[in-house]
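For reference, the structure discussed in these notes is given below.
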Amino acid sequence: MFDRHYQVWPPQVPKQLELPATSLFHNITVCALRYPEHPAILYYGTPVSYRRLQQEAEAIAGHLAEAGVAKGDRVLLYMQNSPQYIIGYFAILRANAVVVPVNPMNRAAELKYLIEDTEAKVCLCAQELLENVSPHLGEGLLEEIVVTAYADYVTEHTDLSLPETVAEPARDHSIGGVTLWHEVVNANKQPPALTTGPADLCVIPYSSGTTGNPKGCVHTHHSVLATTVYGAVWTNAQHDIVHLVSVPMFHVTGMQSCMNSTLYVGGTLVVMTRWDRKVAAELIQRYKVNTWRNISTMVVDMLSDPDIDSYDISCLRSIGGGGAAMPAAVAGKLHDKTGLTYMEGYGLSETIAPTHVNPPQACKPQCLGIPLIGVDSRVINVDTLEEVGPGVTGEIIMRGEQIFQGYWKRPEATEEAFLELDGHRFFRSGDLGYYDEEGYFFLVDRVKRMINASGYKVWPAEVESLMYSHPAIREVCVVSTPHPRRGETVKAFVVLATGKEHTTDKDIIAWCQENMAAYKCPVTVEFTDSIPKSPTGKIMWRLLQEEEWKKSAQ
């Protein structure tokens, strides 16, 4: 068991913790009993109490059961952040079924793949996405879609700037097989007995992977409860938590670090359907948000707002996230503004959010943190699969209660994802990293992202981190580009900061040559108005990488 990190272990956190032997839905039942009128959700000023959350989830569960959804069946959840997403998530679980969270950016062909792969017969869907999924009705695939409008849950007057999809009223839908959400809720059909327990399937998030179709990551109620409970205990989350939810809940960070951990302790979720830095700052100020788990790019965006000092965000007492390293320069600006240290963590769809988190009292910058409660994590040589010591880069592996059961209907891929070490089964993350003498883990890069420039190994994440210290750089993404002599070399896509538009590519390259080893320096800098990001806020480096090599080939 890896225990090097125990010297910096948070004093209030147990090293091992027994998990509840229940269904995840039990958390809602308990909170509805304890805090029936407490807002589980605040949606642009409109509250949804725990009592209402439970009642509406049970009504939709009753409808699902009547529609033929049985224990263990998969149900698609296809919508953006909203009260309906949360209600729908727990409705599926209350029906003893399995949640398949769908990226709302997915379109018809991607949905067809998910429907066929999961054999889902029912989809809970938002109205702006209906046109993407409705073509699959009557094909021997989907049998029913329950559709909802976000506007139905903004019933109190608000002066907040609403996303277009939230402001849009409910439409009339006359498509066969489409049922209206509010009619399902009003029918208030009773669900069957809750029979799922820790060993039953709970949720199957799909991992984008590096090649081929996405793979479903199979999680039980036990593995989902692991990061739900561990996350709350790690940060000492209490009933008074008010959590800004700005990352998508279809992704495991939003699902676990935001939604499930907060609902476990009976806190309040302040939900945003779309990221808007001014609305986010206003929500923090207005509703005294004290916790914000996010993607670092959101903090970069908020702090770059020229009007940020006009907002009082001093109520924040905990901020952190994962998905991309927090640039040191931005972390410093955040600390100057709030006095808070950004607490980074690390996890994957296969681990249903964190396996590593920084200890709250001893965060290290640009660091994944230390292994979470009950997690045994090591680093191995990618070629020999032998364990390596501190300071040596290799593949990060881990075992713990939150590790998935395997890939849905992919036994070969599942077998490849695990290895045996010291008599235990470890998950291979596919991430390159190392740990230091104190047991803190650091990410170097994805196994397949390394740039090999004349034999010199360049890790793009390291170059990006250094470049963020340049005062003219707002965002940066580093990729490889073909080079006649080196084979490949370094290229940077750069978004300039406001007021720094006069900066040239030669200025950036000269600065890099002064601040990093020559072989790491970008040979080419391309300025762009924006860098593509996934719905979870991660920079889509692979897309830029593929486009760069295609362009060069042409």
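Within each chain, counting starts at residue 1; across the structure tokens, chains are named A, B, ... in the order shown, with ligands numbered 1 upward in that order.
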
Show me, as a compact mmCIF listing (two decimals) with C-alpha atoms, in the first residue's frame, the residues that have an atom within 9 Å of Ser257 (chain A) when counting only C-alpha atoms, minus same-chain residues fewer than 6 positions from it.
# COMPACT_ATOMS: atom_id res chain seq x y z
CA THR A 227 -16.30 9.55 -4.51
CA THR A 228 -19.62 11.03 -3.32
CA GLY A 231 -15.28 14.11 -1.61
CA ALA A 232 -17.57 15.47 1.10
CA ARG A 293 -15.47 23.04 -8.11
CA GLY A 321 -11.09 21.40 -9.63
CA ALA A 353 -14.02 11.55 -10.39
CA PRO A 354 -11.17 11.85 -7.93

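Residues in contact with Gly487 (chain A) at 9 Å, where only C-alpha atoms are counted and same-chain residues fewer than 5 positions away are skipped, are listed as A:Asn452, A:Ala453, A:Ser454, A:Thr481, A:Pro482.
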
- For Cys217 (chain A), list every protein, DNA or RNA residue within 9 Å, evaluated using only C-alpha atoms, and leave out those in the same chain fewer than 6 positions away; present the list as an MDAnalysis selection string. chainID A and resid 203:207 349:352 404:408

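Proximity ranking of A:Trp234, A:Glu462, A:Gly332, A:Glu420 relative to His356 (chain A) places A:Trp234 first, based on only C-alpha atoms.
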